[in-house]
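Next comes coords-v1.txt, a file with compact mmCIF, C-alpha atoms.
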```txt
# COMPACT_ATOMS: atom_id res chain seq x y z
CA MET Y 240 -102.90 39.09 -54.68
CA ARG Y 241 -103.13 42.15 -56.91
CA PRO Y 242 -105.79 44.81 -56.29
CA PRO Y 243 -109.07 44.70 -58.26
CA ILE Y 244 -108.84 46.22 -61.76
CA SER Y 245 -109.71 49.91 -61.65
CA LYS Y 246 -109.10 53.18 -63.49
CA ASP Y 247 -105.66 53.27 -61.86
CA THR Y 248 -104.57 49.84 -63.09
CA GLN Y 249 -101.41 50.05 -65.23
CA LEU Y 250 -101.65 48.27 -68.57
CA CYS Y 251 -98.71 46.48 -70.19
CA MET Y 252 -98.91 44.64 -73.50
CA SER Y 253 -97.07 42.89 -76.29
CA LEU Y 254 -97.07 43.27 -80.06
CA SER Y 255 -96.21 40.23 -82.14
CA GLY Y 256 -96.90 38.82 -85.55
CA ARG Y 257 -97.90 35.58 -83.81
CA PRO Y 258 -99.09 36.38 -80.28
CA GLY Y 259 -98.58 33.66 -77.70
CA ASN Y 260 -99.64 33.18 -74.10
CA PHE Y 261 -96.25 33.06 -72.36
CA GLY Y 262 -95.85 36.78 -71.68
CA THR Y 263 -99.46 37.24 -70.61
CA ARG Y 264 -99.33 34.33 -68.17
CA PHE Y 265 -95.82 35.14 -66.92
CA HIS Y 266 -96.37 38.82 -66.19
CA ASN Y 267 -99.86 38.47 -64.75
CA HIS Y 268 -98.67 35.67 -62.46
CA LEU Y 269 -95.95 37.94 -61.08
CA TYR Y 270 -98.39 40.85 -60.68
CA ASP Y 271 -100.50 38.54 -58.51
CA ALA Y 272 -97.50 37.26 -56.57
CA LEU Y 273 -96.24 40.78 -55.78
CA GLY Y 274 -99.67 42.40 -55.35
CA LEU Y 275 -99.09 44.93 -58.16
CA ASP Y 276 -101.91 46.89 -59.78
CA TYR Y 277 -100.94 45.91 -63.33
CA LEU Y 278 -102.54 43.96 -66.18
CA TYR Y 279 -100.82 42.40 -69.22
CA LYS Y 280 -102.40 41.53 -72.58
CA ALA Y 281 -101.01 40.26 -75.90
CA PHE Y 282 -101.92 41.86 -79.24
CA THR Y 283 -101.05 41.76 -82.92
CA THR Y 284 -101.55 44.54 -85.46
CA THR Y 285 -101.59 45.37 -89.15
CA ASP Y 286 -101.00 49.07 -88.39
CA LEU Y 287 -97.85 49.41 -86.32
CA GLN Y 288 -97.78 53.22 -86.44
CA ALA Y 289 -101.29 53.39 -84.98
CA ALA Y 290 -100.50 50.72 -82.37
CA ILE Y 291 -97.45 52.59 -81.06
CA GLY Y 292 -99.45 55.81 -81.15
CA GLY Y 293 -101.98 54.05 -78.93
CA VAL Y 294 -99.25 53.02 -76.48
CA ARG Y 295 -98.24 56.67 -76.17
CA ALA Y 296 -101.71 58.22 -76.17
CA LEU Y 297 -103.38 55.76 -73.79
CA GLY Y 298 -100.58 55.76 -71.23
CA ILE Y 299 -99.79 52.08 -71.64
CA ARG Y 300 -96.85 51.55 -69.31
CA GLY Y 301 -94.88 48.96 -71.26
CA CYS Y 302 -94.95 47.13 -74.55
CA ALA Y 303 -93.00 44.02 -75.52
CA VAL Y 304 -92.11 43.88 -79.22
CA SER Y 305 -91.60 40.63 -81.14
CA MET Y 306 -91.08 39.61 -84.76
CA PRO Y 307 -91.63 41.22 -87.23
CA PHE Y 308 -91.76 44.64 -85.54
CA LYS Y 309 -88.41 44.89 -83.73
CA GLU Y 310 -86.73 47.18 -86.25
CA ASP Y 311 -89.78 48.95 -87.66
CA VAL Y 312 -90.62 50.58 -84.31
CA ILE Y 313 -87.28 52.41 -84.07
CA PRO Y 314 -88.34 55.64 -85.86
CA MET Y 315 -91.30 55.91 -83.46
CA MET Y 316 -89.15 55.98 -80.31
CA ASP Y 317 -88.08 59.06 -78.36
CA GLU Y 318 -85.02 57.46 -76.78
CA MET Y 319 -82.90 54.37 -77.47
CA ASP Y 320 -81.19 52.60 -74.58
CA PRO Y 321 -77.71 51.32 -75.54
CA SER Y 322 -79.01 47.73 -75.39
CA ALA Y 323 -81.28 48.55 -78.34
CA ALA Y 324 -79.21 51.23 -80.09
CA VAL Y 325 -76.09 49.11 -80.53
CA ILE Y 326 -77.99 46.41 -82.40
CA GLU Y 327 -80.73 48.60 -83.91
CA SER Y 328 -83.43 46.26 -82.64
CA VAL Y 329 -86.13 46.83 -80.02
CA ASN Y 330 -88.02 44.29 -77.95
CA THR Y 331 -89.19 46.48 -75.05
CA ILE Y 332 -90.82 49.91 -74.90
CA VAL Y 333 -91.28 51.82 -71.65
CA ASN Y 334 -93.72 54.74 -71.56
CA ASP Y 335 -92.89 57.54 -69.10
CA ASP Y 336 -95.68 60.14 -69.36
CA GLY Y 337 -95.84 59.86 -73.15
CA ARG Y 338 -92.10 59.54 -73.74
CA LEU Y 339 -91.22 56.17 -75.27
CA SER Y 340 -87.85 54.60 -74.45
CA ALA Y 341 -86.64 51.49 -76.28
CA TYR Y 342 -84.62 48.61 -74.82
CA ASN Y 343 -83.53 45.15 -75.91
CA THR Y 344 -83.81 42.62 -73.11
CA ASP Y 345 -83.17 39.77 -75.59
CA PHE Y 346 -79.56 41.00 -75.73
CA ILE Y 347 -79.35 40.94 -71.93
CA ALA Y 348 -80.92 37.47 -71.69
CA VAL Y 349 -78.69 35.88 -74.34
CA ALA Y 350 -75.55 37.29 -72.74
CA LYS Y 351 -76.58 35.90 -69.34
CA LEU Y 352 -77.42 32.47 -70.77
CA LEU Y 353 -74.07 32.13 -72.54
CA GLU Y 354 -72.40 32.88 -69.22
CA GLN Y 355 -74.68 30.66 -67.12
CA HIS Y 356 -74.21 27.67 -69.44
CA GLU Y 357 -70.44 28.29 -69.50
CA VAL Y 358 -70.21 28.30 -73.28
CA PRO Y 359 -66.46 28.75 -73.91
CA THR Y 360 -65.50 31.99 -75.64
CA GLY Y 361 -62.91 30.15 -77.73
CA ALA Y 362 -65.58 27.99 -79.38
CA THR Y 363 -66.51 28.33 -83.04
CA VAL Y 364 -70.07 29.60 -83.46
CA ALA Y 365 -72.58 29.36 -86.31
CA LEU Y 366 -75.55 31.71 -85.99
CA ARG Y 367 -78.43 31.29 -88.41
CA GLY Y 368 -80.48 34.41 -89.09
CA SER Y 369 -79.99 38.12 -89.70
CA GLY Y 370 -83.15 39.70 -88.24
CA GLY Y 371 -83.76 41.44 -84.93
CA MET Y 372 -83.23 38.41 -82.71
CA ALA Y 373 -80.12 37.41 -84.63
CA LYS Y 374 -78.74 40.89 -84.01
CA ALA Y 375 -79.30 40.51 -80.27
CA VAL Y 376 -77.48 37.17 -80.32
CA ALA Y 377 -74.61 38.35 -82.53
CA PHE Y 378 -73.83 41.38 -80.41
CA ALA Y 379 -74.18 39.42 -77.17
CA LEU Y 380 -71.57 37.06 -78.61
CA ARG Y 381 -69.34 39.96 -79.60
CA GLU Y 382 -69.62 41.66 -76.21
CA GLY Y 383 -69.02 38.30 -74.52
CA GLY Y 384 -65.65 37.88 -76.24
CA TYR Y 385 -66.55 35.33 -78.93
CA ARG Y 386 -64.36 35.92 -81.97
CA SER Y 387 -64.73 32.87 -84.23
CA GLY Y 388 -68.22 33.02 -85.68
CA THR Y 389 -70.21 32.75 -88.90
CA VAL Y 390 -73.55 34.38 -89.61
CA VAL Y 391 -75.52 32.00 -91.82
CA ALA Y 392 -78.15 33.94 -93.76
CA ARG Y 393 -79.61 33.57 -97.24
CA ASN Y 394 -80.03 37.34 -97.51
CA GLU Y 395 -76.51 38.45 -98.34
CA GLU Y 396 -77.12 42.15 -97.68
CA THR Y 397 -78.47 41.76 -94.13
CA GLY Y 398 -76.25 38.75 -93.43
CA ARG Y 399 -73.03 40.50 -94.37
CA ALA Y 400 -74.05 43.66 -92.53
CA LEU Y 401 -74.67 41.73 -89.32
CA ALA Y 402 -71.50 39.67 -89.71
CA ASP Y 403 -69.37 42.78 -90.32
CA GLY Y 404 -70.91 44.58 -87.34
CA ALA Y 405 -70.22 41.67 -85.01
CA GLY Y 406 -66.79 40.89 -86.43
CA PHE Y 407 -67.83 37.51 -87.85
CA ALA Y 408 -67.81 35.85 -91.26
CA TRP Y 409 -70.89 35.47 -93.46
CA ALA Y 410 -72.11 32.43 -95.39
CA ALA Y 411 -75.33 31.82 -97.30
CA ASP Y 412 -75.19 28.20 -96.15
CA LEU Y 413 -72.94 26.39 -93.71
CA GLY Y 414 -72.48 23.49 -96.12
CA ASP Y 415 -70.11 20.83 -94.81
CA ALA Y 416 -68.58 23.17 -92.24
CA ARG Y 417 -68.94 22.38 -88.55
CA ALA Y 418 -69.17 24.58 -85.45
CA ASP Y 419 -68.87 23.93 -81.73
CA VAL Y 420 -71.91 26.09 -81.01
CA LEU Y 421 -75.04 26.24 -83.19
CA ILE Y 422 -77.55 29.04 -82.63
CA ASN Y 423 -80.87 29.37 -84.42
CA ALA Y 424 -82.40 32.86 -84.51
CA THR Y 425 -84.93 32.21 -87.29
CA PRO Y 426 -88.53 30.92 -87.28
CA VAL Y 427 -87.35 27.48 -88.44
CA GLY Y 428 -88.83 24.97 -85.99
CA MET Y 429 -91.50 27.39 -84.71
CA ALA Y 430 -94.91 25.87 -84.06
CA GLY Y 431 -97.52 26.90 -86.61
CA GLY Y 432 -94.97 28.07 -89.16
CA PRO Y 433 -94.21 26.61 -92.59
CA GLU Y 434 -90.92 25.09 -91.31
CA ALA Y 435 -92.22 23.81 -87.97
CA ASP Y 436 -90.79 20.32 -88.51
CA ASP Y 437 -87.46 21.40 -90.00
CA LEU Y 438 -83.94 21.74 -88.63
CA PRO Y 439 -82.18 25.11 -89.08
CA PHE Y 440 -78.90 23.26 -89.72
CA ALA Y 441 -78.15 19.96 -91.44
CA ALA Y 442 -78.67 16.95 -89.18
CA GLU Y 443 -75.00 15.97 -89.32
CA THR Y 444 -74.01 19.53 -88.34
CA VAL Y 445 -76.27 19.36 -85.29
CA ASP Y 446 -74.84 15.97 -84.33
CA ALA Y 447 -71.28 17.32 -84.45
CA ALA Y 448 -71.95 20.32 -82.19
CA SER Y 449 -71.09 20.63 -78.50
CA TYR Y 450 -73.74 23.26 -77.73
CA VAL Y 451 -77.10 23.85 -79.40
CA PHE Y 452 -79.00 27.07 -78.70
CA ASP Y 453 -82.45 27.59 -80.23
CA VAL Y 454 -84.15 30.92 -79.48
CA VAL Y 455 -87.51 29.60 -80.74
CA ALA Y 456 -89.73 29.28 -77.65
CA LEU Y 457 -92.78 27.59 -79.18
CA PRO Y 458 -92.66 24.69 -78.93
CA PRO Y 459 -90.32 24.49 -75.91
CA GLU Y 460 -88.74 21.42 -77.53
CA THR Y 461 -88.01 22.34 -81.16
CA PRO Y 462 -86.82 19.69 -83.65
CA MET Y 463 -83.22 20.88 -83.17
CA ILE Y 464 -83.44 20.83 -79.36
CA ARG Y 465 -85.00 17.34 -79.40
CA ARG Y 466 -82.30 15.99 -81.69
CA ALA Y 467 -79.53 17.52 -79.60
CA ARG Y 468 -80.96 16.15 -76.35
CA GLU Y 469 -81.20 12.65 -77.82
CA ARG Y 470 -77.50 12.82 -78.62
CA GLY Y 471 -76.43 14.20 -75.25
CA ILE Y 472 -75.51 17.64 -76.60
CA HIS Y 473 -75.72 20.58 -74.20
CA VAL Y 474 -78.82 22.64 -75.04
CA ILE Y 475 -80.06 26.17 -74.35
CA THR Y 476 -83.73 26.66 -75.14
CA GLY Y 477 -85.90 29.51 -76.31
CA ALA Y 478 -87.98 29.07 -73.16
CA GLU Y 479 -84.93 30.13 -71.14
CA VAL Y 480 -84.49 33.22 -73.32
CA VAL Y 481 -88.15 34.18 -73.03
CA ALA Y 482 -88.17 33.83 -69.23
CA LEU Y 483 -84.98 35.84 -68.68
CA GLN Y 484 -85.88 38.64 -71.06
CA ALA Y 485 -89.38 38.79 -69.56
CA VAL Y 486 -87.92 39.28 -66.09
CA GLU Y 487 -85.89 42.24 -67.33
CA GLN Y 488 -89.02 43.67 -68.97
CA PHE Y 489 -90.94 43.20 -65.72
CA VAL Y 490 -88.31 45.19 -63.83
CA LEU Y 491 -88.38 48.00 -66.40
CA TYR Y 492 -92.18 48.21 -66.24
CA THR Y 493 -92.68 47.94 -62.47
CA GLY Y 494 -89.37 48.90 -60.86
CA GLN Y 495 -89.46 45.67 -58.84
CA ARG Y 496 -87.31 42.57 -59.25
CA PRO Y 497 -88.97 39.26 -58.32
CA THR Y 498 -87.06 36.56 -56.48
CA ASP Y 499 -85.63 33.56 -58.33
CA GLU Y 500 -88.34 31.42 -56.75
CA GLN Y 501 -91.09 33.76 -57.98
CA VAL Y 502 -89.60 33.79 -61.49
CA ALA Y 503 -89.41 29.99 -61.55
CA ALA Y 504 -93.04 29.73 -60.46
CA ALA Y 505 -94.12 32.26 -63.08
CA ALA Y 506 -92.22 30.43 -65.83
CA GLU Y 507 -93.74 27.11 -64.80
CA HIS Y 508 -97.20 28.68 -64.82
CA ALA Y 509 -96.59 30.29 -68.22
CA ASN Y 510 -95.40 27.02 -69.77
CA GLY Y 511 -98.18 24.97 -68.16
```
Go ahead and express the file in the form of structure tokens.
Amino acid sequence: MRPPISKDTQLCMSLSGRPGNFGTRFHNHLYDALGLDYLYKAFTTTDLQAAIGGVRALGIRGCAVSMPFKEDVIPMMDEMDPSAAVIESVNTIVNDDGRLSAYNTDFIAVAKLLEQHEVPTGATVALRGSGGMAKAVAFALREGGYRSGTVVARNEETGRALADGAGFAWAADLGDARADVLINATPVGMAGGPEADDLPFAAETVDAASYVFDVVALPPETPMIRRARERGIHVITGAEVVALQAVEQFVLYTGQRPTDEQVAAAAEHANG
């Protein structure tokens, strides 16, 4: 059990356009399990500059960063870890006595999941999206040895830039093309959004895939994940991404790595 909250309690937080409860429940559960004097709280903001200034000025130990702030925080950082610098996208800030260092644990989590699920490097990949999360996925694919990929993005400027950086092709729409691995890194299918009930790829494209990977974590079963499961397609969920990247954040904030059993219990609690 963690100590009572006091003036010495370390505060960690998250900044997101749509705050959820996963991070708060996950981190606080682990603080309790390991008896750490930390507290975690989720926030949103309409003034990012002021929010990051608050992280620095108030001595907030760590800050998770979600859409749509992952790229906008970069000019406010003092140091960029290679995990964030290579993809120019931040999802984790660590505050060491007022010096802010940026990391990207999404990149780390995606790379681990591709390996854990034994997604073959020779497979053809279609990645939808060109924002911060899509960057993490694209460069995890590149570093993992995947060479046959297409970035599917309506925005040609950002789509082509991401595709060129990762060594992939770009397409505004996948059309009739098929891919062995489909990855969604957009808000399509996200609960509460305008496309909550939609598929990020055409239904027939999903049905033809061998692996379906949706980074959307809310709901845990997105329309694309549900469809893939019903057809016996191997799936990787956003809930897996969130849990893995949160563990890496936890380690950066506290310097302690929980056991697999503690992580599983925290994830179950957070999703409950």
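With all atoms listed in the file as the atoms that count, the minimum distance from Ala485 (chain Y) to the choices Y:Asn267, Y:Thr461, Y:Thr444, Y:Thr344 is reached by Y:Thr344.
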Q. So what do you get for CA of Gln501 (chain Y) versus CA of Ile332 (chain Y), distance-wise?
A.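 Separation of CA of Gln501 (chain Y) and CA of Ile332 (chain Y): 23.4 Å.
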Q.
Could you check the closest approach to Glu460 (chain Y) for each of Y:Pro439, Y:Gly404, Y:Gly428, Y:Gly361 and tell me which residue wins, using all atoms listed in the file?
A. Y:Gly428
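Take the candidates Y:Thr425, Y:Gln288, Y:Ser328, Y:Thr363 and check each one against Glu310 (chain Y) using all atoms listed in the file; the shortest distance goes to Y:Ser328.
Residues in contact with Gly337 (chain Y) at up to 7 Å, not including ones fewer than 5 positions away on its chain and judged by all atoms listed in the file, are Arg295, Ala296 and Gly298 of chain Y.
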Q) Could you pull the residues within 12 Å of Ala448 (chain Y), counting only C-alpha atoms, minus those fewer than 2 positions along the same chain, as a ChimeraX atom specification? A) /Y:362-365,416-422,440-446,450-452,463-464,466-468,470-474
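You can rank Y:Ala482, Y:Val490, Y:Val390, Y:Leu353 by their closest distance to Phe265 (chain Y) using all atoms listed in the file, and at the top of that list sits Y:Ala482.
In this comparison, which uses only C-alpha atoms, the residue of Y:Glu396, Y:Glu500, Y:Asp453, Y:Asp336 approaching Trp409 (chain Y) most closely is Y:Glu396.
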(Q) Counting all atoms listed in the file, which residue out of Y:Asp286, Y:Asp276, Y:Tyr270, Y:Phe308 sits closest to Leu254 (chain Y)? (A)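 That would be Y:Phe308, the residue with the smallest distance to Leu254 (chain Y).
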Q) Could you state the separation of CA of Thr389 (chain Y) and CA of Ala350 (chain Y) in Å, given to one decimal place? A) 17.6 Å
Q. Can you tell me how far CA of His266 (chain Y) sits from CA of Gly511 (chain Y), in Å to one decimal?
A. 14.1 Å
Q.
Would you pick out the contacts of region 354-357 of chain Y at 9 Å or less, using all atoms listed in the file, so that residues sharing its chain but fewer than 2 positions from it are not included, and give the list as a PyMOL selection string?
A. chain Y and resi 349-352+359-360+383+473-475
With C-alpha atoms retained, write the just-selected residues as an mmCIF file, keeping the file's coordinate frame.
```
data_model
loop_
_atom_site.group_PDB
_atom_site.id
_atom_site.type_symbol
_atom_site.label_atom_id
_atom_site.label_comp_id
_atom_site.auth_asym_id
_atom_site.auth_seq_id
_atom_site.Cartn_x
_atom_site.Cartn_y
_atom_site.Cartn_z
ATOM 1 C CA VAL Y 349 -78.690 35.880 -74.340
ATOM 2 C CA ALA Y 350 -75.550 37.290 -72.740
ATOM 3 C CA LYS Y 351 -76.580 35.900 -69.340
ATOM 4 C CA LEU Y 352 -77.420 32.470 -70.770
ATOM 5 C CA PRO Y 359 -66.460 28.750 -73.910
ATOM 6 C CA THR Y 360 -65.500 31.990 -75.640
ATOM 7 C CA GLY Y 383 -69.020 38.300 -74.520
ATOM 8 C CA HIS Y 473 -75.720 20.580 -74.200
ATOM 9 C CA VAL Y 474 -78.820 22.640 -75.040
ATOM 10 C CA ILE Y 475 -80.060 26.170 -74.350
#
```
Q. What lies within 12 Å of Asp247 (chain Y) using all atoms listed in the file, ignoring chain neighbours under 5 positions off, as a ChimeraX atom specification?
A. /Y:242,275-278,298-300
Output C-alpha atoms for every residue in the selection just made, as a PDB file, in the frame of the given file.
```
ATOM      1  CA  PRO Y 242    -105.790  44.810 -56.290  1.00  0.00           C
ATOM      2  CA  LEU Y 275     -99.090  44.930 -58.160  1.00  0.00           C
ATOM      3  CA  ASP Y 276    -101.910  46.890 -59.780  1.00  0.00           C
ATOM      4  CA  TYR Y 277    -100.940  45.910 -63.330  1.00  0.00           C
ATOM      5  CA  LEU Y 278    -102.540  43.960 -66.180  1.00  0.00           C
ATOM      6  CA  GLY Y 298    -100.580  55.760 -71.230  1.00  0.00           C
ATOM      7  CA  ILE Y 299     -99.790  52.080 -71.640  1.00  0.00           C
ATOM      8  CA  ARG Y 300     -96.850  51.550 -69.310  1.00  0.00           C
TER       9      ARG Y 300
END
```
What are the centre and the three edge lengths of an axis-aligned box that wraps all atoms of region 401-407 of chain Y in the file, given that 4 Å is added to every side, written as AutoDock Vina command-line options and rounded to one decimal in Å?
```
--center_x -70.7 --center_y 41.0 --center_z -87.7 --size_x 15.9 --size_y 15.1 --size_z 13.3
```
Please write a file for region 268-297 of chain Y, taken from the block I just shared, that holds N, CA and C atoms and is laid out as a PDB file, in the first residue's frame.
```pdb
ATOM      1  N   HIS Y 268      -2.841   1.924  -9.523  1.00  0.00           N
ATOM      2  CA  HIS Y 268      -2.871   0.543  -9.034  1.00  0.00           C
ATOM      3  C   HIS Y 268      -1.452   0.046  -8.755  1.00  0.00           C
ATOM      4  N   LEU Y 269      -0.526   0.348  -9.673  1.00  0.00           N
ATOM      5  CA  LEU Y 269       0.855  -0.090  -9.480  1.00  0.00           C
ATOM      6  C   LEU Y 269       1.531   0.669  -8.341  1.00  0.00           C
ATOM      7  N   TYR Y 270       1.206   1.945  -8.163  1.00  0.00           N
ATOM      8  CA  TYR Y 270       1.762   2.676  -7.019  1.00  0.00           C
ATOM      9  C   TYR Y 270       1.353   1.986  -5.716  1.00  0.00           C
ATOM     10  N   ASP Y 271       0.086   1.567  -5.646  1.00  0.00           N
ATOM     11  CA  ASP Y 271      -0.385   0.852  -4.459  1.00  0.00           C
ATOM     12  C   ASP Y 271       0.349  -0.477  -4.290  1.00  0.00           C
ATOM     13  N   ALA Y 272       0.463  -1.214  -5.394  1.00  0.00           N
ATOM     14  CA  ALA Y 272       1.065  -2.545  -5.340  1.00  0.00           C
ATOM     15  C   ALA Y 272       2.526  -2.491  -4.892  1.00  0.00           C
ATOM     16  N   LEU Y 273       3.247  -1.439  -5.307  1.00  0.00           N
ATOM     17  CA  LEU Y 273       4.667  -1.331  -4.986  1.00  0.00           C
ATOM     18  C   LEU Y 273       4.946  -0.399  -3.814  1.00  0.00           C
ATOM     19  N   GLY Y 274       3.882   0.170  -3.218  1.00  0.00           N
ATOM     20  CA  GLY Y 274       4.064   1.040  -2.063  1.00  0.00           C
ATOM     21  C   GLY Y 274       4.814   2.319  -2.378  1.00  0.00           C
ATOM     22  N   LEU Y 275       4.566   2.907  -3.566  1.00  0.00           N
ATOM     23  CA  LEU Y 275       5.280   4.105  -3.999  1.00  0.00           C
ATOM     24  C   LEU Y 275       4.486   5.366  -3.679  1.00  0.00           C
ATOM     25  N   ASP Y 276       5.186   6.400  -3.272  1.00  0.00           N
ATOM     26  CA  ASP Y 276       4.546   7.664  -2.891  1.00  0.00           C
ATOM     27  C   ASP Y 276       4.339   8.529  -4.132  1.00  0.00           C
ATOM     28  N   TYR Y 277       3.438   8.059  -5.009  1.00  0.00           N
ATOM     29  CA  TYR Y 277       3.121   8.734  -6.262  1.00  0.00           C
ATOM     30  C   TYR Y 277       1.596   8.838  -6.404  1.00  0.00           C
ATOM     31  N   LEU Y 278       1.174   9.784  -7.224  1.00  0.00           N
ATOM     32  CA  LEU Y 278      -0.236   9.945  -7.557  1.00  0.00           C
ATOM     33  C   LEU Y 278      -0.351  10.324  -9.027  1.00  0.00           C
ATOM     34  N   TYR Y 279      -1.332   9.756  -9.729  1.00  0.00           N
ATOM     35  CA  TYR Y 279      -1.495   9.980 -11.172  1.00  0.00           C
ATOM     36  C   TYR Y 279      -2.887  10.536 -11.447  1.00  0.00           C
ATOM     37  N   LYS Y 280      -2.958  11.554 -12.310  1.00  0.00           N
ATOM     38  CA  LYS Y 280      -4.227  12.190 -12.655  1.00  0.00           C
ATOM     39  C   LYS Y 280      -4.235  12.576 -14.121  1.00  0.00           C
ATOM     40  N   ALA Y 281      -5.389  12.386 -14.782  1.00  0.00           N
ATOM     41  CA  ALA Y 281      -5.546  12.731 -16.201  1.00  0.00           C
ATOM     42  C   ALA Y 281      -6.107  14.138 -16.354  1.00  0.00           C
ATOM     43  N   PHE Y 282      -5.597  14.852 -17.382  1.00  0.00           N
ATOM     44  CA  PHE Y 282      -6.051  16.211 -17.669  1.00  0.00           C
ATOM     45  C   PHE Y 282      -6.209  16.402 -19.175  1.00  0.00           C
ATOM     46  N   THR Y 283      -6.968  17.443 -19.540  1.00  0.00           N
ATOM     47  CA  THR Y 283      -6.930  17.972 -20.898  1.00  0.00           C
ATOM     48  C   THR Y 283      -6.638  19.456 -20.783  1.00  0.00           C
ATOM     49  N   THR Y 284      -6.396  20.126 -21.915  1.00  0.00           N
ATOM     50  CA  THR Y 284      -6.058  21.540 -21.867  1.00  0.00           C
ATOM     51  C   THR Y 284      -6.386  22.218 -23.190  1.00  0.00           C
ATOM     52  N   THR Y 285      -6.648  23.503 -23.114  1.00  0.00           N
ATOM     53  CA  THR Y 285      -6.765  24.330 -24.320  1.00  0.00           C
ATOM     54  C   THR Y 285      -5.570  25.273 -24.424  1.00  0.00           C
ATOM     55  N   ASP Y 286      -4.624  25.150 -23.508  1.00  0.00           N
ATOM     56  CA  ASP Y 286      -3.421  25.987 -23.506  1.00  0.00           C
ATOM     57  C   ASP Y 286      -2.221  25.093 -23.220  1.00  0.00           C
ATOM     58  N   LEU Y 287      -1.702  24.473 -24.272  1.00  0.00           N
ATOM     59  CA  LEU Y 287      -0.634  23.491 -24.108  1.00  0.00           C
ATOM     60  C   LEU Y 287       0.634  24.127 -23.545  1.00  0.00           C
ATOM     61  N   GLN Y 288       0.972  25.304 -24.025  1.00  0.00           N
ATOM     62  CA  GLN Y 288       2.184  25.989 -23.542  1.00  0.00           C
ATOM     63  C   GLN Y 288       2.127  26.171 -22.028  1.00  0.00           C
ATOM     64  N   ALA Y 289       0.983  26.632 -21.537  1.00  0.00           N
ATOM     65  CA  ALA Y 289       0.831  26.845 -20.097  1.00  0.00           C
ATOM     66  C   ALA Y 289       0.854  25.519 -19.339  1.00  0.00           C
ATOM     67  N   ALA Y 290       0.251  24.482 -19.916  1.00  0.00           N
ATOM     68  CA  ALA Y 290       0.217  23.173 -19.253  1.00  0.00           C
ATOM     69  C   ALA Y 290       1.623  22.606 -19.089  1.00  0.00           C
ATOM     70  N   ILE Y 291       2.433  22.680 -20.141  1.00  0.00           N
ATOM     71  CA  ILE Y 291       3.806  22.171 -20.049  1.00  0.00           C
ATOM     72  C   ILE Y 291       4.637  23.050 -19.121  1.00  0.00           C
ATOM     73  N   GLY Y 292       4.362  24.348 -19.134  1.00  0.00           N
ATOM     74  CA  GLY Y 292       5.021  25.229 -18.175  1.00  0.00           C
ATOM     75  C   GLY Y 292       4.696  24.833 -16.750  1.00  0.00           C
ATOM     76  N   GLY Y 293       3.459  24.397 -16.516  1.00  0.00           N
ATOM     77  CA  GLY Y 293       3.057  23.924 -15.198  1.00  0.00           C
ATOM     78  C   GLY Y 293       3.778  22.649 -14.803  1.00  0.00           C
ATOM     79  N   VAL Y 294       3.963  21.737 -15.757  1.00  0.00           N
ATOM     80  CA  VAL Y 294       4.715  20.508 -15.489  1.00  0.00           C
ATOM     81  C   VAL Y 294       6.110  20.861 -14.982  1.00  0.00           C
ATOM     82  N   ARG Y 295       6.746  21.812 -15.661  1.00  0.00           N
ATOM     83  CA  ARG Y 295       8.107  22.209 -15.280  1.00  0.00           C
ATOM     84  C   ARG Y 295       8.121  22.956 -13.938  1.00  0.00           C
ATOM     85  N   ALA Y 296       7.244  23.939 -13.816  1.00  0.00           N
ATOM     86  CA  ALA Y 296       7.281  24.826 -12.653  1.00  0.00           C
ATOM     87  C   ALA Y 296       6.836  24.149 -11.365  1.00  0.00           C
ATOM     88  N   LEU Y 297       5.899  23.213 -11.468  1.00  0.00           N
ATOM     89  CA  LEU Y 297       5.345  22.569 -10.274  1.00  0.00           C
ATOM     90  C   LEU Y 297       6.075  21.285  -9.889  1.00  0.00           C
TER      91      LEU Y 297
END
```
